file structure_4.pdb (PDB, C-alpha atoms, pLDDT in the B column)
ATOM      1  CA  MET A 683      41.318 104.579  -9.910  1.00 50.00           C
ATOM      2  CA  LYS A 684      40.478 102.020 -12.614  1.00 55.00           C
ATOM      3  CA  LEU A 685      41.910  99.270 -10.422  1.00 48.00           C
ATOM      4  CA  MET A 686      39.752 100.363  -7.482  1.00 47.00           C
ATOM      5  CA  ALA A 687      36.646 100.471  -9.681  1.00 46.00           C
ATOM      6  CA  SER A 688      37.419  96.977 -10.991  1.00 46.00           C
ATOM      7  CA  ILE A 689      37.848  95.612  -7.485  1.00 43.00           C
ATOM      8  CA  ILE A 690      34.547  97.117  -6.370  1.00 44.00           C
ATOM      9  CA  PHE A 691      32.734  95.993  -9.518  1.00 46.00           C
ATOM     10  CA  LEU A 692      34.024  92.414  -9.265  1.00 46.00           C
ATOM     11  CA  GLY A 693      33.763  92.149  -5.488  1.00 48.00           C
ATOM     12  CA  LEU A 694      30.218  93.481  -5.113  1.00 43.00           C
ATOM     13  CA  PRO A 695      28.441  90.356  -6.417  1.00 44.00           C
ATOM     14  CA  VAL A 696      30.467  88.211  -4.025  1.00 41.00           C
ATOM     15  CA  LEU A 697      29.521  90.423  -1.087  1.00 42.00           C
ATOM     16  CA  CYS A 698      25.848  90.475  -2.084  1.00 42.00           C
ATOM     17  CA  GLY A 699      25.806  86.702  -2.359  1.00 43.00           C
ATOM     18  CA  ALA A 700      27.307  86.373   1.087  1.00 41.00           C
ATOM     19  CA  CYS A 701      24.563  88.601   2.504  1.00 45.00           C
ATOM     20  CA  ALA A 702      21.696  86.666   0.948  1.00 50.00           C
ATOM     21  CA  THR A 703      19.606  84.927   3.562  1.00 53.00           C
ATOM     22  CA  PRO A 704      19.246  81.256   2.747  1.00 67.00           C
ATOM     23  CA  SER A 705      15.823  79.713   3.155  1.00 87.00           C
ATOM     24  CA  LEU A 706      15.492  77.643   6.281  1.00 93.00           C
ATOM     25  CA  PRO A 707      13.411  74.499   6.739  1.00 96.00           C
ATOM     26  CA  LEU A 708       9.939  74.869   8.198  1.00 96.00           C
ATOM     27  CA  SER A 709       8.337  73.086  11.139  1.00 96.00           C
ATOM     28  CA  THR A 710       5.198  71.061  10.559  1.00 94.00           C
ATOM     29  CA  ARG A 711       1.863  72.352  11.798  1.00 91.00           C
ATOM     30  CA  PRO A 712       0.971  71.427  15.399  1.00 92.00           C
ATOM     31  CA  GLU A 713      -1.920  69.263  14.177  1.00 92.00           C
ATOM     32  CA  ALA A 714       0.315  67.303  11.786  1.00 92.00           C
ATOM     33  CA  ASN A 715       0.898  63.593  12.206  1.00 96.00           C
ATOM     34  CA  PRO A 716       3.360  63.346  15.145  1.00 97.00           C
ATOM     35  CA  VAL A 717       5.504  60.737  13.398  1.00 97.00           C
ATOM     36  CA  ALA A 718       5.805  62.964  10.328  1.00 97.00           C
ATOM     37  CA  GLY A 719       6.630  65.848  12.658  1.00 97.00           C
ATOM     38  CA  ARG A 720       9.425  63.832  14.280  1.00 98.00           C
ATOM     39  CA  TYR A 721      10.959  62.948  10.902  1.00 98.00           C
ATOM     40  CA  ASN A 722      10.658  66.579   9.842  1.00 98.00           C
ATOM     41  CA  ARG A 723      12.387  67.817  13.030  1.00 98.00           C
ATOM     42  CA  GLN A 724      15.209  65.319  12.523  1.00 98.00           C
ATOM     43  CA  GLY A 725      15.547  66.529   8.942  1.00 98.00           C
ATOM     44  CA  MET A 726      15.637  70.144  10.088  1.00 97.00           C
ATOM     45  CA  GLU A 727      18.445  69.362  12.528  1.00 98.00           C
ATOM     46  CA  ARG A 728      20.450  67.573   9.862  1.00 98.00           C
ATOM     47  CA  TYR A 729      19.804  70.320   7.329  1.00 98.00           C
ATOM     48  CA  GLN A 730      21.096  72.946   9.750  1.00 96.00           C
ATOM     49  CA  GLN A 731      24.203  70.784  10.303  1.00 97.00           C
ATOM     50  CA  GLY A 732      24.828  70.697   6.549  1.00 97.00           C
ATOM     51  CA  GLN A 733      23.945  67.000   6.278  1.00 98.00           C
ATOM     52  CA  TRP A 734      21.873  67.489   3.118  1.00 97.00           C
ATOM     53  CA  LEU A 735      21.496  63.811   2.161  1.00 98.00           C
ATOM     54  CA  ALA A 736      20.459  62.715   5.664  1.00 98.00           C
ATOM     55  CA  ALA A 737      18.029  65.650   5.833  1.00 98.00           C
ATOM     56  CA  LYS A 738      16.592  64.676   2.445  1.00 98.00           C
ATOM     57  CA  GLU A 739      15.966  61.137   3.699  1.00 98.00           C
ATOM     58  CA  ASN A 740      14.204  62.420   6.835  1.00 98.00           C
ATOM     59  CA  PHE A 741      11.989  64.750   4.825  1.00 98.00           C
ATOM     60  CA  GLU A 742      11.109  61.915   2.436  1.00 98.00           C
ATOM     61  CA  GLU A 743      10.081  59.787   5.431  1.00 98.00           C
ATOM     62  CA  ALA A 744       7.927  62.636   6.730  1.00 98.00           C
ATOM     63  CA  ILE A 745       6.234  62.875   3.331  1.00 98.00           C
ATOM     64  CA  ARG A 746       5.638  59.107   3.194  1.00 98.00           C
ATOM     65  CA  THR A 747       4.131  59.265   6.676  1.00 97.00           C
ATOM     66  CA  ASP A 748       1.869  62.233   5.901  1.00 96.00           C
ATOM     67  CA  PRO A 749       1.749  63.215   2.219  1.00 96.00           C
ATOM     68  CA  ASP A 750      -0.664  66.090   2.942  1.00 95.00           C
ATOM     69  CA  GLU A 751       1.863  68.164   4.889  1.00 96.00           C
ATOM     70  CA  ALA A 752       3.411  71.000   2.889  1.00 97.00           C
ATOM     71  CA  GLU A 753       6.376  71.729   5.149  1.00 97.00           C
ATOM     72  CA  PRO A 754       8.297  68.463   4.576  1.00 98.00           C
ATOM     73  CA  GLU A 755       7.762  68.928   0.810  1.00 98.00           C
ATOM     74  CA  TYR A 756       9.244  72.402   1.040  1.00 98.00           C
ATOM     75  CA  ASN A 757      12.088  71.208   3.235  1.00 98.00           C
ATOM     76  CA  LEU A 758      12.835  68.393   0.796  1.00 98.00           C
ATOM     77  CA  ALA A 759      13.089  71.048  -1.920  1.00 97.00           C
ATOM     78  CA  LEU A 760      15.676  72.933   0.153  1.00 97.00           C
ATOM     79  CA  SER A 761      17.730  69.767   0.620  1.00 98.00           C
ATOM     80  CA  LEU A 762      17.544  68.874  -3.059  1.00 98.00           C
ATOM     81  CA  ASP A 763      18.669  72.374  -3.948  1.00 96.00           C
ATOM     82  CA  GLN A 764      21.695  72.004  -1.665  1.00 97.00           C
ATOM     83  CA  LEU A 765      22.447  68.653  -3.325  1.00 97.00           C
ATOM     84  CA  GLY A 766      22.357  70.288  -6.769  1.00 96.00           C
ATOM     85  CA  ASP A 767      19.027  68.792  -7.925  1.00 97.00           C
ATOM     86  CA  HIS A 768      17.431  72.089  -8.890  1.00 96.00           C
ATOM     87  CA  ALA A 769      14.717  70.538 -11.069  1.00 96.00           C
ATOM     88  CA  GLY A 770      13.681  68.253  -8.215  1.00 97.00           C
ATOM     89  CA  ALA A 771      13.757  71.189  -5.812  1.00 96.00           C
ATOM     90  CA  THR A 772      11.480  73.207  -8.089  1.00 96.00           C
ATOM     91  CA  ALA A 773       9.007  70.329  -8.339  1.00 97.00           C
ATOM     92  CA  HIS A 774       8.823  69.977  -4.554  1.00 97.00           C
ATOM     93  CA  VAL A 775       8.414  73.725  -3.961  1.00 97.00           C
ATOM     94  CA  LYS A 776       5.483  73.631  -6.395  1.00 96.00           C
ATOM     95  CA  ALA A 777       4.023  70.585  -4.613  1.00 97.00           C
ATOM     96  CA  ALA A 778       4.370  72.340  -1.242  1.00 97.00           C
ATOM     97  CA  ALA A 779       2.707  75.501  -2.590  1.00 97.00           C
ATOM     98  CA  LYS A 780      -0.162  73.406  -3.936  1.00 97.00           C
ATOM     99  CA  LEU A 781      -0.644  71.799  -0.510  1.00 97.00           C
ATOM    100  CA  ALA A 782      -0.494  75.140   1.328  1.00 96.00           C
ATOM    101  CA  PRO A 783      -1.426  77.967  -1.050  1.00 96.00           C
ATOM    102  CA  THR A 784      -1.852  80.452   1.811  1.00 95.00           C
ATOM    103  CA  ASN A 785       1.497  79.706   3.476  1.00 95.00           C
ATOM    104  CA  THR A 786       3.556  82.711   2.393  1.00 94.00           C
ATOM    105  CA  ALA A 787       6.749  81.190   3.835  1.00 93.00           C
ATOM    106  CA  ILE A 788       6.395  78.658   1.020  1.00 94.00           C
ATOM    107  CA  THR A 789       4.653  80.579  -1.742  1.00 94.00           C
ATOM    108  CA  GLN A 790       6.869  83.659  -1.476  1.00 92.00           C
ATOM    109  CA  SER A 791      10.104  81.811  -0.776  1.00 87.00           C
ATOM    110  CA  GLU A 792      13.164  82.504  -2.882  1.00 82.00           C
ATOM    111  CA  ALA A 793      13.870  78.772  -2.866  1.00 71.00           C
TER     112      ALA A 793
END
call {"tool": "encode", "arguments": {"input": "structure_4.pdb", "output": "structure tokens"}}
result
Amino acid sequence: MKLMASIIFLGLPVLCGACATPSLPLSTRPEANPVAGRYNRQGMERYQQGQWLAAKENFEEAIRTDPDEAEPEYNLALSLDQLGDHAGATAHVKAAAKLAPTNTAITQSEA
């Protein structure tokens, strides 16, 4: 019985972690700069393929093209988090939330 309790106790966090829904990158707004939107879409594709560094570079290009768009900032944060740069990710989530304070996908994200 103790062995079974230990297995359940130790295995539960692993199972819960596997069930956690990761945050996904966000599309730019329809009225966003189309070039920034294209870079963002490319970044989203690469992110979903697990190409974190390539996605990061696309999101950075989207931000350079249109620094007022919140979604590429948020997406950059997701990529940085995957690359292990948690401080950078936090800074970009905050920047995205500042750009779009009413976007709950950003402001209430677990990222």
call {"tool": "closest_residue", "arguments": {"input": "structure_4.pdb", "among": "A:Gly770, A:Pro749, A:Gly732, A:Pro754", "to": "Leu708 (chain A)", "atoms": "all atoms listed in the file"}}
result
A:Pro754
call {"tool": "axis_aligned_box", "arguments": {"input": "structure_4.pdb", "around": "region 774-790 of chain A", "padding_each_side": "3 Å", "output": "AutoDock Vina command-line options"}}
result
--center_x 3.5 --center_y 76.8 --center_z -1.3 --size_x 16.7 --size_y 19.7 --size_z 16.2
call {"tool": "residues_around", "arguments": {"input": "structure_4.pdb", "residues": "Leu760 (chain A)", "least_positions_apart": "2", "cutoff": "9 Å", "atoms": "all atoms listed in the file", "output": "ChimeraX atom specification"}}
result
/A:705-707,729,734,738,755-758,762-765,771,774-775,793
call {"tool": "closest_residue", "arguments": {"input": "structure_4.pdb", "among": "A:Pro783, A:Glu753, A:Ala759, A:Asn722", "to": "Phe741 (chain A)", "atoms": "only C-alpha atoms"}}
result
A:Asn722
call {"tool": "atom_distance", "arguments": {"input": "structure_4.pdb", "atom1": "CA of Gly719 (chain A)", "atom2": "CA of Ile745 (chain A)"}}
result
9.8 Å
call {"tool": "atom_distance", "arguments": {"input": "structure_4.pdb", "atom1": "CA of His768 (chain A)", "atom2": "CA of Asn715 (chain A)"}}
result
28.1 Å
call {"tool": "atom_distance", "arguments": {"input": "structure_4.pdb", "atom1": "CA of Glu727 (chain A)", "atom2": "CA of Lys780 (chain A)"}}
result
25.2 Å
call {"tool": "residues_near_point", "arguments": {"input": "structure_4.pdb", "point": "(4.2, 75.1, 0.5)", "cutoff": "6 Å", "atoms": "only C-alpha atoms", "output": "MDAnalysis selection string"}}
result
chainID A and resid 752 756 778:779 781:782 788:789
call {"tool": "resolve_selection", "arguments": {"input": "structure_4.pdb", "expression": "the PyMOL selection byres ((chain A and resi 748) around 9)", "output": "number ranges by chain"}}
result
A: 714-715, 717-718, 743-747, 749-751
call {"tool": "write_last_selection", "arguments": {"input": "structure_4.pdb", "atoms": "C-alpha atoms", "output": "CSV table (one decimal), keeping the file's coordinate frame"}}
result
chain,number,residue,atom,x,y,z
A,714,ALA,CA,0.3,67.3,11.8
A,715,ASN,CA,0.9,63.6,12.2
A,717,VAL,CA,5.5,60.7,13.4
A,718,ALA,CA,5.8,63.0,10.3
A,743,GLU,CA,10.1,59.8,5.4
A,744,ALA,CA,7.9,62.6,6.7
A,745,ILE,CA,6.2,62.9,3.3
A,746,ARG,CA,5.6,59.1,3.2
A,747,THR,CA,4.1,59.3,6.7
A,749,PRO,CA,1.7,63.2,2.2
A,750,ASP,CA,-0.7,66.1,2.9
A,751,GLU,CA,1.9,68.2,4.9
call {"tool": "closest_residue", "arguments": {"input": "structure_4.pdb", "among": "A:Ser761, A:Arg720, A:Ser791, A:Thr710", "to": "Ala737 (chain A)", "atoms": "all atoms listed in the file"}}
result
A:Ser761
call {"tool": "closest_residue", "arguments": {"input": "structure_4.pdb", "among": "A:Gln724, A:Thr772, A:Gln790, A:Asn785", "to": "Ala736 (chain A)", "atoms": "all atoms listed in the file"}}
result
A:Gln724
